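Trainee: File name target.txt; file contents compact mmCIF, C-alpha atoms; full text below.
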# COMPACT_ATOMS: atom_id res chain seq x y z
CA MET U 258 123.54 159.84 154.98
CA PRO U 259 125.80 157.61 152.85
CA SER U 260 126.45 154.13 154.22
CA THR U 261 130.16 154.46 153.50
CA SER U 262 132.51 157.25 154.52
CA PRO U 263 131.48 160.56 152.88
CA VAL U 264 135.11 161.66 152.74
CA ARG U 265 136.07 158.49 150.90
CA GLN U 266 133.26 159.10 148.45
CA ILE U 267 134.36 162.69 147.89
CA LEU U 268 137.91 161.51 147.26
CA ASP U 269 136.74 158.71 144.96
CA GLN U 270 137.73 159.62 141.40
CA SER U 271 134.63 157.87 140.03
CA ASN U 272 132.51 160.70 141.50
CA ARG U 273 134.56 163.48 139.96
CA ALA U 274 132.60 163.84 136.70
CA ASP U 275 129.33 164.33 138.59
CA PRO U 276 129.63 164.84 142.36
CA TYR U 277 126.23 166.52 142.65
CA PRO U 278 124.14 163.40 143.47
CA LEU U 279 126.56 162.75 146.34
CA TYR U 280 126.25 166.35 147.51
CA ALA U 281 122.45 166.04 147.44
CA GLU U 282 122.68 162.96 149.65
CA LEU U 283 125.06 164.70 152.05
CA ARG U 284 122.76 167.73 152.36
CA ARG U 285 120.26 165.54 154.21
CA THR U 286 122.56 166.13 157.19
CA PRO U 287 123.76 169.76 156.98
CA VAL U 288 126.71 169.13 159.32
CA LEU U 289 128.14 165.66 159.83
CA ARG U 290 131.28 164.09 161.24
CA ASP U 291 133.10 161.60 159.04
CA GLU U 292 134.89 158.58 160.50
CA SER U 293 138.18 160.28 159.59
CA GLY U 294 137.39 163.07 162.08
CA VAL U 295 136.56 165.62 159.37
CA HIS U 296 133.35 167.62 159.79
CA LEU U 297 131.49 168.28 156.52
CA VAL U 298 129.25 171.33 156.13
CA THR U 299 127.04 170.93 153.08
CA THR U 300 124.17 173.45 153.10
CA TYR U 301 124.21 177.04 151.90
CA TRP U 302 123.25 179.00 155.00
CA GLU U 303 125.46 176.94 157.31
CA ILE U 304 128.47 177.37 154.98
CA ARG U 305 127.88 181.08 154.60
CA GLY U 306 127.42 181.49 158.34
CA LEU U 307 130.77 179.84 159.04
CA LEU U 308 132.51 181.92 156.36
CA GLU U 309 131.38 185.00 158.29
CA ASP U 310 132.07 183.57 161.76
CA PRO U 311 135.28 184.89 163.40
CA ARG U 312 135.42 181.70 165.47
CA ILE U 313 136.29 179.58 162.42
CA SER U 314 139.97 179.65 161.48
CA SER U 315 141.75 179.39 158.13
CA ASP U 316 145.14 178.93 159.80
CA VAL U 317 146.23 175.27 159.81
CA ARG U 318 148.30 176.05 162.90
CA SER U 319 145.05 176.34 164.86
CA ARG U 320 144.24 172.66 164.42
CA ALA U 321 144.26 170.48 167.51
CA PRO U 322 147.46 168.40 167.97
CA GLY U 323 147.19 165.00 166.33
CA THR U 324 144.44 166.00 163.90
CA SER U 325 144.89 166.23 160.17
CA SER U 326 142.80 166.64 157.05
CA PRO U 327 142.87 164.13 154.17
CA LEU U 328 143.10 167.11 151.82
CA ARG U 329 145.74 169.81 151.70
CA GLY U 330 144.61 173.37 151.09
CA ALA U 331 146.36 176.04 149.08
CA ALA U 332 147.48 177.62 152.34
CA GLU U 333 149.38 174.53 153.47
CA ASP U 334 152.43 174.85 151.25
CA GLU U 335 155.45 174.73 153.56
CA THR U 336 157.98 176.17 151.10
CA LEU U 337 156.93 179.75 151.92
CA PRO U 338 155.35 181.43 154.95
CA PRO U 339 151.53 181.39 154.85
CA ALA U 340 149.87 183.83 152.48
CA PHE U 341 146.90 185.75 153.83
CA ILE U 342 144.45 183.12 152.54
CA GLY U 343 145.82 180.82 155.24
CA LEU U 344 145.84 183.32 158.09
CA ASP U 345 143.32 184.83 160.52
CA PRO U 346 142.87 188.44 161.61
CA PRO U 347 144.75 190.57 162.40
CA GLU U 348 147.57 189.06 160.27
CA HIS U 349 145.13 188.30 157.46
CA ASP U 350 143.68 191.80 157.43
CA ARG U 351 147.05 193.53 157.27
CA LEU U 352 148.41 191.38 154.43
CA ARG U 353 145.18 191.38 152.42
CA ARG U 354 144.88 195.17 152.72
CA LEU U 355 148.43 195.61 151.43
CA ALA U 356 147.93 193.04 148.66
CA MET U 357 144.74 194.75 147.51
CA ARG U 358 146.21 198.24 147.23
CA PRO U 359 147.43 197.81 143.61
CA PHE U 360 143.89 196.80 142.60
CA GLY U 361 142.30 200.05 143.72
CA PRO U 362 142.78 203.82 143.47
CA PRO U 363 145.04 205.65 143.66
CA HIS U 364 147.64 202.89 143.48
CA SER U 365 146.47 200.75 140.56
CA PRO U 366 149.18 200.27 137.91
CA ARG U 367 146.45 199.11 135.56
CA ARG U 368 142.78 199.03 136.50
CA ILE U 369 141.18 195.65 135.99
CA HIS U 370 138.59 197.07 133.59
CA ASP U 371 141.38 198.71 131.59
CA MET U 372 142.80 195.25 130.86
CA ARG U 373 139.89 194.32 128.58
CA GLY U 374 141.75 195.21 125.38
CA GLU U 375 144.86 193.23 126.31
CA LEU U 376 142.82 190.25 127.51
CA THR U 377 140.84 190.26 124.26
CA ARG U 378 144.06 190.33 122.21
CA THR U 379 145.45 187.40 124.22
CA VAL U 380 142.27 185.36 123.70
CA SER U 381 142.18 186.23 120.00
CA GLY U 382 145.76 185.07 119.58
CA LEU U 383 145.03 181.71 121.23
CA ILE U 384 141.97 181.21 119.00
CA ASP U 385 143.85 182.32 115.87
CA ALA U 386 146.39 179.56 116.58
CA LEU U 387 143.59 177.00 116.04
CA ASP U 388 143.18 178.00 112.39
CA GLY U 389 143.38 174.98 110.09
CA ARG U 390 142.56 172.50 112.84
CA GLN U 391 139.38 170.48 113.28
CA GLU U 392 139.76 169.68 116.97
CA PHE U 393 141.44 171.23 120.00
CA ASP U 394 141.79 170.72 123.74
CA VAL U 395 140.16 173.59 125.63
CA VAL U 396 142.50 172.98 128.58
CA ASP U 397 145.90 172.60 126.92
CA ASP U 398 145.34 174.91 123.94
CA PHE U 399 143.35 177.66 125.59
CA ALA U 400 142.33 177.69 129.26
CA TYR U 401 145.75 176.74 130.63
CA PRO U 402 147.96 179.25 128.70
CA PHE U 403 145.46 182.13 128.97
CA PRO U 404 145.78 182.95 132.70
CA VAL U 405 149.55 182.34 132.69
CA THR U 406 149.91 185.02 130.03
CA VAL U 407 147.66 187.37 132.00
CA ILE U 408 149.56 186.84 135.24
CA CYS U 409 152.87 187.42 133.47
CA ARG U 410 151.56 190.83 132.44
CA LEU U 411 150.20 191.58 135.91
CA LEU U 412 153.42 190.67 137.69
CA GLY U 413 155.68 192.31 135.13
CA VAL U 414 157.50 189.19 133.96
CA PRO U 415 159.73 190.26 131.04
CA LYS U 416 158.80 188.83 127.65
CA ALA U 417 162.18 187.14 127.40
CA ASP U 418 161.57 185.33 130.71
CA GLU U 419 158.09 184.03 129.88
CA PRO U 420 159.20 180.58 128.56
CA HIS U 421 161.27 180.00 131.71
CA PHE U 422 158.49 181.37 133.90
CA ARG U 423 156.01 178.91 132.37
CA VAL U 424 158.36 176.02 133.20
CA LEU U 425 158.48 177.22 136.81
CA VAL U 426 154.69 177.51 136.89
CA ASP U 427 154.26 173.97 135.57
CA ALA U 428 156.55 172.63 138.28
CA ALA U 429 154.86 174.67 141.01
CA LEU U 430 151.45 173.35 139.96
CA ALA U 431 152.64 169.74 139.85
CA GLY U 432 150.72 168.94 143.02
CA LEU U 433 147.47 169.50 141.13
CA ARG U 434 148.33 167.18 138.24
CA PRO U 435 147.55 163.45 138.00
CA THR U 436 150.40 161.13 138.99
CA GLU U 437 151.07 157.58 140.10
CA ASP U 438 153.53 158.73 142.77
CA PRO U 439 151.90 161.26 145.14
CA ALA U 440 155.02 161.58 147.31
CA GLU U 441 157.22 162.49 144.35
CA GLN U 442 154.45 164.75 143.09
CA LEU U 443 154.53 166.68 146.37
CA ARG U 444 158.33 166.93 146.29
CA THR U 445 158.21 168.19 142.71
CA ALA U 446 155.61 170.81 143.61
CA GLN U 447 157.61 171.99 146.63
CA ARG U 448 160.79 172.28 144.56
CA GLY U 449 158.84 174.09 141.87
CA ARG U 450 157.36 176.58 144.32
CA HIS U 451 160.76 177.15 145.88
CA GLU U 452 162.31 177.87 142.47
CA LEU U 453 159.36 180.05 141.52
CA GLY U 454 159.76 181.95 144.79
CA GLN U 455 163.47 182.46 144.12
CA TYR U 456 162.72 183.81 140.65
CA LEU U 457 160.04 186.17 141.96
CA TRP U 458 162.38 187.34 144.73
CA GLY U 459 164.98 188.37 142.16
CA LEU U 460 162.38 189.95 139.90
CA THR U 461 160.95 191.90 142.82
CA GLU U 462 164.36 193.38 143.60
CA GLU U 463 164.72 194.45 139.98
CA HIS U 464 161.30 196.13 140.07
CA ARG U 465 162.08 197.78 143.40
CA HIS U 466 164.98 199.62 141.80
CA HIS U 467 163.43 200.01 138.35
CA PRO U 468 159.65 200.05 138.88
CA GLY U 469 157.22 199.61 136.02
CA ASP U 470 153.48 199.44 135.47
CA ASP U 471 152.89 196.10 137.20
CA MET U 472 151.87 194.62 140.54
CA LEU U 473 155.32 193.55 141.70
CA SER U 474 156.51 197.13 141.24
CA ALA U 475 153.47 198.48 143.07
CA TRP U 476 153.95 196.09 146.00
CA ALA U 477 157.71 196.62 146.15
CA THR U 478 157.50 200.43 146.16
CA ASP U 479 154.30 200.87 148.19
CA SER U 480 154.90 203.10 151.21
CA GLY U 481 151.33 203.85 152.23
CA PRO U 482 150.07 204.65 155.72
CA HIS U 483 149.54 200.96 156.56
CA GLY U 484 153.14 199.93 155.91
CA SER U 485 154.35 197.64 153.17
CA LEU U 486 154.82 193.96 152.42
CA SER U 487 158.15 192.52 153.48
CA PRO U 488 160.11 190.84 150.66
CA ILE U 489 159.11 187.33 151.79
CA GLU U 490 155.46 188.40 152.25
CA LEU U 491 155.50 189.91 148.79
CA VAL U 492 156.82 186.70 147.22
CA SER U 493 154.30 184.59 149.15
CA THR U 494 151.48 186.85 147.94
CA ALA U 495 152.69 186.67 144.33
CA VAL U 496 152.84 182.86 144.46
CA LEU U 497 149.32 182.82 145.91
CA LEU U 498 148.07 185.08 143.10
CA LEU U 499 149.68 182.80 140.55
CA ILE U 500 148.57 179.43 141.90
CA ALA U 501 145.11 180.35 143.15
CA GLY U 502 144.38 182.67 140.21
CA HIS U 503 145.64 180.28 137.56
CA GLU U 504 143.90 177.03 138.47
CA THR U 505 140.58 178.66 139.28
CA THR U 506 140.53 180.48 135.94
CA VAL U 507 141.43 177.30 134.05
CA ASN U 508 138.51 175.53 135.71
CA LEU U 509 136.09 178.43 135.30
CA VAL U 510 136.74 178.71 131.55
CA THR U 511 136.82 174.93 130.95
CA ASN U 512 133.74 174.18 133.06
CA GLY U 513 132.04 177.11 131.34
CA MET U 514 132.75 175.82 127.85
CA LEU U 515 131.68 172.30 128.82
CA THR U 516 128.41 173.63 130.24
CA LEU U 517 127.72 175.74 127.15
CA LEU U 518 128.34 172.79 124.84
CA ARG U 519 125.90 170.76 126.92
CA HIS U 520 123.38 173.61 126.59
CA PRO U 521 123.71 174.66 122.92
CA GLU U 522 120.80 177.09 123.18
CA GLU U 523 122.80 179.09 125.74
CA LEU U 524 125.91 178.94 123.55
CA ARG U 525 123.89 180.42 120.68
CA ARG U 526 122.43 183.07 122.96
CA LEU U 527 125.88 184.12 124.12
CA ARG U 528 127.12 184.27 120.52
CA ASP U 529 124.18 186.40 119.43
CA ALA U 530 123.99 188.56 122.57
CA PRO U 531 127.48 188.92 124.10
CA GLU U 532 126.11 191.45 126.59
CA THR U 533 124.60 188.47 128.45
CA ALA U 534 128.07 187.19 129.41
CA PRO U 535 128.18 188.72 132.93
CA ALA U 536 124.92 187.06 134.00
CA LEU U 537 125.96 183.79 132.39
CA VAL U 538 129.29 183.73 134.24
CA GLU U 539 127.55 184.37 137.57
CA GLU U 540 125.30 181.36 136.94
CA LEU U 541 128.35 179.29 135.98
CA LEU U 542 129.99 180.23 139.27
CA ARG U 543 126.94 178.84 141.03
CA TYR U 544 126.28 175.84 138.79
CA GLU U 545 129.86 174.64 138.13
CA PRO U 546 132.20 176.57 140.46
CA PRO U 547 135.97 176.22 140.00
CA VAL U 548 136.49 175.55 143.74
CA HIS U 549 134.30 172.85 145.28
CA ILE U 550 135.66 172.53 148.80
CA LEU U 551 137.43 174.72 151.35
CA PRO U 552 139.24 172.01 153.34
CA GLN U 553 141.52 173.94 155.68
CA ARG U 554 139.10 175.33 158.29
CA SER U 555 138.99 174.57 162.02
CA PRO U 556 137.10 176.14 164.97
CA LEU U 557 138.95 178.33 167.46
CA GLU U 558 136.38 177.23 170.03
CA ASP U 559 133.45 174.82 170.08
CA ILE U 560 130.79 176.03 167.62
CA GLU U 561 127.23 174.74 167.57
CA ILE U 562 125.63 174.82 164.14
CA ALA U 563 122.53 173.06 162.80
CA GLY U 564 122.29 171.07 166.03
CA THR U 565 125.86 169.78 165.79
CA VAL U 566 128.95 170.88 167.72
CA LEU U 567 132.14 171.52 165.74
CA PRO U 568 134.84 170.87 168.36
CA LYS U 569 137.72 173.28 168.74
CA GLY U 570 140.66 172.47 166.50
CA GLU U 571 139.07 169.65 164.47
CA PRO U 572 139.20 169.88 160.65
CA VAL U 573 136.15 171.27 158.85
CA TRP U 574 135.39 171.07 155.13
CA LEU U 575 133.02 173.63 153.65
CA LEU U 576 131.43 172.12 150.53
CA LEU U 577 130.87 175.30 148.50
CA ALA U 578 129.59 173.48 145.41
CA SER U 579 127.03 171.62 147.51
CA GLY U 580 125.82 174.89 149.00
CA ASN U 581 125.44 176.31 145.49
CA ARG U 582 123.00 173.49 144.65
CA ASP U 583 121.03 173.74 147.91
CA PRO U 584 117.29 173.74 147.01
CA LYS U 585 116.54 175.64 150.22
CA ARG U 586 118.53 178.55 148.77
CA PHE U 587 118.11 178.27 144.98
CA PRO U 588 114.90 177.10 143.27
CA ASP U 589 115.49 174.20 140.85
CA PRO U 590 119.24 174.34 141.64
CA ASP U 591 120.30 171.60 139.20
CA ARG U 592 119.03 173.62 136.24
CA PHE U 593 121.52 175.83 134.41
CA ASP U 594 119.72 179.14 133.98
CA PRO U 595 121.73 182.24 133.03
CA THR U 596 118.58 184.35 133.40
CA ARG U 597 118.37 183.43 137.10
CA GLU U 598 118.02 186.67 139.06
CA ASP U 599 119.25 185.40 142.44
CA THR U 600 122.93 184.49 142.00
CA GLN U 601 124.34 185.06 145.50
CA HIS U 602 126.57 182.04 145.02
CA LEU U 603 129.58 180.83 146.99
CA GLY U 604 131.76 180.44 143.89
CA PHE U 605 134.34 182.93 145.20
CA GLY U 606 133.78 182.18 148.86
CA TYR U 607 132.31 184.73 151.24
CA GLY U 608 133.30 187.02 154.09
CA ILE U 609 136.86 188.13 154.74
CA HIS U 610 138.30 185.41 152.50
CA HIS U 611 136.21 186.31 149.46
CA CYS U 612 138.52 185.85 146.46
CA PHE U 613 140.46 189.08 145.99
CA GLY U 614 141.06 188.25 142.31
CA ALA U 615 137.35 187.79 141.59
CA PRO U 616 136.99 190.90 139.33
CA LEU U 617 139.84 189.73 137.11
CA ALA U 618 138.57 186.13 136.98
CA ARG U 619 135.13 187.35 135.98
CA LEU U 620 136.53 189.52 133.20
CA GLU U 621 138.74 186.69 131.93
CA ALA U 622 135.73 184.36 131.79
CA HIS U 623 133.50 186.98 130.11
CA ILE U 624 136.00 187.52 127.31
CA ALA U 625 137.14 183.91 126.90
CA LEU U 626 133.67 182.37 126.66
CA THR U 627 132.26 185.15 124.49
CA GLU U 628 135.09 184.89 121.96
CA LEU U 629 134.94 181.08 121.87
CA ALA U 630 131.17 181.23 121.29
CA ARG U 631 131.55 183.88 118.59
CA ARG U 632 134.45 182.44 116.62
CA LEU U 633 134.14 178.64 116.71
CA ARG U 634 131.93 177.26 113.95
CA ASP U 635 129.65 174.46 115.14
CA PRO U 636 131.70 173.43 118.21
CA ARG U 637 130.82 170.06 119.72
CA LEU U 638 132.11 167.75 122.40
CA VAL U 639 134.28 164.82 121.36
CA ALA U 640 133.69 162.92 124.63
CA ASP U 641 131.20 163.49 127.43
CA PRO U 642 132.01 163.26 130.25
CA PRO U 643 135.61 164.31 129.71
CA PRO U 644 138.42 163.01 131.93
CA TYR U 645 138.73 164.92 135.20
CA ARG U 646 141.66 165.90 137.36
CA PRO U 647 141.95 163.95 140.59
CA SER U 648 141.43 166.91 142.92
CA PRO U 649 137.93 167.25 144.44
CA VAL U 650 138.90 170.73 145.67
CA LEU U 651 139.82 172.49 142.42
CA ARG U 652 137.50 170.39 140.27
CA GLY U 653 137.74 170.58 136.50
CA PRO U 654 138.40 168.49 133.38
CA ARG U 655 141.96 167.37 132.74
CA HIS U 656 141.22 167.64 129.02
CA LEU U 657 138.22 168.86 127.05
CA ALA U 658 138.35 167.84 123.39
CA VAL U 659 136.17 169.95 121.10
CA ALA U 660 135.62 169.47 117.37
CA PHE U 661 134.71 172.44 115.18
CA ASP U 662 134.31 173.40 111.54
CA GLY U 663 136.61 176.39 111.33
CA LEU U 664 136.92 179.90 112.69
CA GLU U 665 134.96 183.07 112.16
CA ALA U 666 137.01 186.21 111.47
CA PRO U 667 138.27 188.16 114.52
Any chance you could put this one into structure tokens?

Mentor:
Amino acid sequence: MPSTSPVRQILDQSNRADPYPLYAELRRTPVLRDESGVHLVTTYWEIRGLLEDPRISSDVRSRAPGTSSPLRGAAEDETLPPAFIGLDPPEHDRLRRLAMRPFGPPHSPRRIHDMRGELTRTVSGLIDALDGRQEFDVVDDFAYPFPVTVICRLLGVPKADEPHFRVLVDAALAGLRPTEDPAEQLRTAQRGRHELGQYLWGLTEEHRHHPGDDMLSAWATDSGPHGSLSPIELVSTAVLLLIAGHETTVNLVTNGMLTLLRHPEELRRLRDAPETAPALVEELLRYEPPVHILPQRSPLEDIEIAGTVLPKGEPVWLLLASGNRDPKRFPDPDRFDPTREDTQHLGFGYGIHHCFGAPLARLEAHIALTELARRLRDPRLVADPPPYRPSPVLRGPRHLAVAFDGLEAP
């Protein structure tokens, strides 16, 4: 076990570029209590067991009085009521069921697999914009604008509103950006999410009266046997889709490109055999997942696990990325191997909180990485390691500069 506080080491920016040696050290004690009062769960089977355990809560309101976590989770935004990611059954089950209805028959306004053509056109447009350049930033020029464009289409944001919507998104995501003033950063993010919520509220009312082929319309007009989302629940769900779906996709694509550039033989294999993309993305989700930590859990009662008691109400962090590198679960876990047959990773969580946008995120990553591999001539890293964002939860490069020698034809 580390001689200094594990939580401090996790929060230490100097570990952001490569946290895996720290995770390996922490796995010596599968469940440990930090001096801050946080309990860290670091090994695969213990994490997966808790993700399936109804006695572990995702609702921050279940924490014991006087306890707090040094990290805020996505469910802890106070500008809107909790989305289902931050709730327990039965509230969670009702809201998730209603939120999922537009993704499945017979209610889907656009099946996820039917989005392939539009996603490919979006990716092609972003790559075409690099023509004539010799270097680009994977984050700013590609991975950041890509999911925003996709989510605009999903939610039915009018083309004319997209520039304004992107400004609102930037403000709402301010809490995940580097800053020298964390308090002002939090205030900016809360204002941004409030303004984003107000915009989505108005847009939802428009779609309620004039529905289209989009998710806001589907949610607003859904009158199935299980009821419907209230207006405030609908807005909270839309904000969750935007924030959780955006940042995870940015990290998945950026971490994926970084990993491929560090493994040029796999980049060539993807270029020459694009049908290998699904297996490659599954290995990326294990090897470099977009979400490293689930920090907002707490037991509803005392839970004994791996010889340690997690006391009721105390904060628990589930270190998903550590579990994905657990040698007791995955042979040679620090090796990137897209041909690996066993890929039952924790990259999208597990159990009732398994990421409901996982099919879309997978498809986005398949298309983005395949097209980048196919069209960039001789891509190479400008700096390794790149600079990383401060968050140890949604871990990914802040920038990823790549040099290249031109573009192949679409």

Trainee: Please build the interface table for range 373-408 of chain U against range 610-634 of chain U with a cut-off of 10 Å, listing for each qualifying residue the nearest atom pair and the distance in Å to one decimal; count all atoms listed in the file, order rows by chain and increasing number, and write it as JSON lines.

Mentor:
{"residue": "U:Arg373", "atom": "CA", "partner": "U:Leu620", "partner_atom": "CA", "distance": 7.5}
{"residue": "U:Gly374", "atom": "CA", "partner": "U:Ile624", "partner_atom": "CA", "distance": 9.8}
{"residue": "U:Leu376", "atom": "CA", "partner": "U:Glu621", "partner_atom": "CA", "distance": 7.0}
{"residue": "U:Thr377", "atom": "CA", "partner": "U:Ile624", "partner_atom": "CA", "distance": 6.3}
{"residue": "U:Arg378", "atom": "CA", "partner": "U:Ile624", "partner_atom": "CA", "distance": 9.9}
{"residue": "U:Thr379", "atom": "CA", "partner": "U:Ala625", "partner_atom": "CA", "distance": 9.4}
{"residue": "U:Val380", "atom": "CA", "partner": "U:Ala625", "partner_atom": "CA", "distance": 6.2}
{"residue": "U:Ser381", "atom": "CA", "partner": "U:Glu628", "partner_atom": "CA", "distance": 7.5}
{"residue": "U:Leu383", "atom": "CA", "partner": "U:Ala625", "partner_atom": "CA", "distance": 10.0}
{"residue": "U:Ile384", "atom": "CA", "partner": "U:Leu629", "partner_atom": "CA", "distance": 7.6}
{"residue": "U:Asp385", "atom": "CA", "partner": "U:Arg632", "partner_atom": "CA", "distance": 9.4}
{"residue": "U:Leu387", "atom": "CA", "partner": "U:Leu633", "partner_atom": "CA", "distance": 9.6}
{"residue": "U:Val395", "atom": "CA", "partner": "U:Leu629", "partner_atom": "CA", "distance": 9.9}
{"residue": "U:Phe399", "atom": "CA", "partner": "U:Ala625", "partner_atom": "CA", "distance": 8.9}
{"residue": "U:Ala400", "atom": "CA", "partner": "U:Ala625", "partner_atom": "CA", "distance": 8.4}
{"residue": "U:Phe403", "atom": "CA", "partner": "U:Glu621", "partner_atom": "CA", "distance": 8.6}
{"residue": "U:Pro404", "atom": "CA", "partner": "U:Glu621", "partner_atom": "CA", "distance": 8.0}
{"residue": "U:Val407", "atom": "CA", "partner": "U:Glu621", "partner_atom": "CA", "distance": 8.9}

Trainee: Given all atoms listed in the file as the basis, pick out the residue of U:Glu392, U:Glu571, U:Glu598, U:Glu490 nearest to Ala660 in chain U.

Mentor: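 Residue with the minimum atom-to-atom distance to Ala660 in chain U: U:Glu392.
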
Trainee: For each of U:Pro643, U:Lys416, U:Leu509, U:Val298, take the minimum atom-to-atom distance to Val566 in chain U, counting all atoms listed in the file, then give the residue where this is smallest.

Mentor: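 Selected residue with least distance to Val566 in chain U: U:Val298.
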
Trainee: Between CA of Ile609 in chain U and CA of His483 in chain U, measure the distance and give it in Å to one decimal.

Mentor: 18.1 Å

Trainee: Name the residues, using the chain letters and numbers of the file, that sit within 10 Å of (116.6, 186.7, 143.9) when counting all atoms listed in the file, and give them as a PyMOL selection string.

Mentor: chain U and resi 586-588+597-601

Trainee: Write the residues you've just listed into a file as a short mmCIF file (atom, residue, chain, number, x, y, z; two decimals), in the frame of the given file, and include C-alpha atoms for each of them.

Mentor:
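The file below, selection_36.cif, is the result:
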data_model
loop_
_atom_site.label_atom_id
_atom_site.label_comp_id
_atom_site.auth_asym_id
_atom_site.auth_seq_id
_atom_site.Cartn_x
_atom_site.Cartn_y
_atom_site.Cartn_z
CA ARG U 586 118.53 178.55 148.77
CA PHE U 587 118.11 178.27 144.98
CA PRO U 588 114.90 177.10 143.27
CA ARG U 597 118.37 183.43 137.10
CA GLU U 598 118.02 186.67 139.06
CA ASP U 599 119.25 185.40 142.44
CA THR U 600 122.93 184.49 142.00
CA GLN U 601 124.34 185.06 145.50
#

Trainee: Check the smallest atom-to-atom distance from each of U:Leu268, U:Leu352, U:Ala666, U:Ala429 to Val650 in chain U using all atoms listed in the file, then report the winner.

Mentor: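 Under the stated criterion, the closest residue is U:Leu268.
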
Trainee: Taking into account all atoms listed in the file, which residue in the set U:Lys569, U:Arg312, U:Ile500, U:Asn508 is nearest to Ile342 in chain U?

Mentor: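 Nearest to Ile342 in chain U: U:Ile500.
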
Trainee: What would the list of residues within 12 Å of (129.5, 172.6, 125.6) (file frame) look like as a ChimeraX atom specification, if only C-alpha atoms are what count?

Mentor: /U:395,510-525,626,629-630,633,635-643,657-661

Trainee: Output C-alpha atoms for every residue in the selection just made, as a compact mmCIF listing (two decimals), keeping the file's coordinate frame.

Mentor:
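Saved as result26.txt:
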# COMPACT_ATOMS: atom_id res chain seq x y z
CA VAL U 395 140.16 173.59 125.63
CA VAL U 510 136.74 178.71 131.55
CA THR U 511 136.82 174.93 130.95
CA ASN U 512 133.74 174.18 133.06
CA GLY U 513 132.04 177.11 131.34
CA MET U 514 132.75 175.82 127.85
CA LEU U 515 131.68 172.30 128.82
CA THR U 516 128.41 173.63 130.24
CA LEU U 517 127.72 175.74 127.15
CA LEU U 518 128.34 172.79 124.84
CA ARG U 519 125.90 170.76 126.92
CA HIS U 520 123.38 173.61 126.59
CA PRO U 521 123.71 174.66 122.92
CA GLU U 522 120.80 177.09 123.18
CA GLU U 523 122.80 179.09 125.74
CA LEU U 524 125.91 178.94 123.55
CA ARG U 525 123.89 180.42 120.68
CA LEU U 626 133.67 182.37 126.66
CA LEU U 629 134.94 181.08 121.87
CA ALA U 630 131.17 181.23 121.29
CA LEU U 633 134.14 178.64 116.71
CA ASP U 635 129.65 174.46 115.14
CA PRO U 636 131.70 173.43 118.21
CA ARG U 637 130.82 170.06 119.72
CA LEU U 638 132.11 167.75 122.40
CA VAL U 639 134.28 164.82 121.36
CA ALA U 640 133.69 162.92 124.63
CA ASP U 641 131.20 163.49 127.43
CA PRO U 642 132.01 163.26 130.25
CA PRO U 643 135.61 164.31 129.71
CA LEU U 657 138.22 168.86 127.05
CA ALA U 658 138.35 167.84 123.39
CA VAL U 659 136.17 169.95 121.10
CA ALA U 660 135.62 169.47 117.37
CA PHE U 661 134.71 172.44 115.18

Trainee: Point out the residue among U:Tyr607, U:Trp458, U:Phe422, U:Phe593 with the least atom-to-atom distance to Leu551 in chain U, counting all atoms listed in the file.

Mentor: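 Checking each candidate against Leu551 in chain U, we get U:Tyr607 as the closest.
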
Trainee: Can we get range 552-559 of chain U of that structure written down with N, CA, C and O atoms, as a PDB file, in the first residue's frame?

Mentor:
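Result file is out-v8.pdb:
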ATOM      1  N   PRO U 552     -16.964   7.765  -8.472  1.00  0.00           N
ATOM      2  CA  PRO U 552     -16.675   8.262  -7.130  1.00  0.00           C
ATOM      3  C   PRO U 552     -17.884   8.497  -6.237  1.00  0.00           C
ATOM      4  O   PRO U 552     -17.726   8.893  -5.091  1.00  0.00           O
ATOM      5  N   GLN U 553     -19.098   8.286  -6.735  1.00  0.00           N
ATOM      6  CA  GLN U 553     -20.265   8.719  -5.983  1.00  0.00           C
ATOM      7  C   GLN U 553     -21.058   7.561  -5.391  1.00  0.00           C
ATOM      8  O   GLN U 553     -22.276   7.636  -5.274  1.00  0.00           O
ATOM      9  N   ARG U 554     -20.388   6.478  -4.974  1.00  0.00           N
ATOM     10  CA  ARG U 554     -21.099   5.353  -4.386  1.00  0.00           C
ATOM     11  C   ARG U 554     -21.022   5.402  -2.858  1.00  0.00           C
ATOM     12  O   ARG U 554     -20.069   5.941  -2.287  1.00  0.00           O
ATOM     13  N   SER U 555     -22.006   4.786  -2.202  1.00  0.00           N
ATOM     14  CA  SER U 555     -21.981   4.642  -0.745  1.00  0.00           C
ATOM     15  C   SER U 555     -22.900   3.484  -0.362  1.00  0.00           C
ATOM     16  O   SER U 555     -23.944   3.273  -0.992  1.00  0.00           O
ATOM     17  N   PRO U 556     -22.538   2.695   0.659  1.00  0.00           N
ATOM     18  CA  PRO U 556     -23.354   1.553   1.068  1.00  0.00           C
ATOM     19  C   PRO U 556     -24.634   1.989   1.784  1.00  0.00           C
ATOM     20  O   PRO U 556     -24.635   2.932   2.568  1.00  0.00           O
ATOM     21  N   LEU U 557     -25.710   1.267   1.506  1.00  0.00           N
ATOM     22  CA  LEU U 557     -26.973   1.489   2.219  1.00  0.00           C
ATOM     23  C   LEU U 557     -26.984   0.756   3.556  1.00  0.00           C
ATOM     24  O   LEU U 557     -27.842   1.015   4.404  1.00  0.00           O
ATOM     25  N   GLU U 558     -26.059  -0.167   3.717  1.00  0.00           N
ATOM     26  CA  GLU U 558     -25.844  -0.867   4.978  1.00  0.00           C
ATOM     27  C   GLU U 558     -24.396  -1.332   4.975  1.00  0.00           C
ATOM     28  O   GLU U 558     -23.718  -1.265   3.954  1.00  0.00           O
ATOM     29  N   ASP U 559     -23.901  -1.777   6.116  1.00  0.00           N
ATOM     30  CA  ASP U 559     -22.533  -2.282   6.149  1.00  0.00           C
ATOM     31  C   ASP U 559     -22.386  -3.447   5.167  1.00  0.00           C
ATOM     32  O   ASP U 559     -23.224  -4.355   5.128  1.00  0.00           O
TER      33      ASP U 559
END
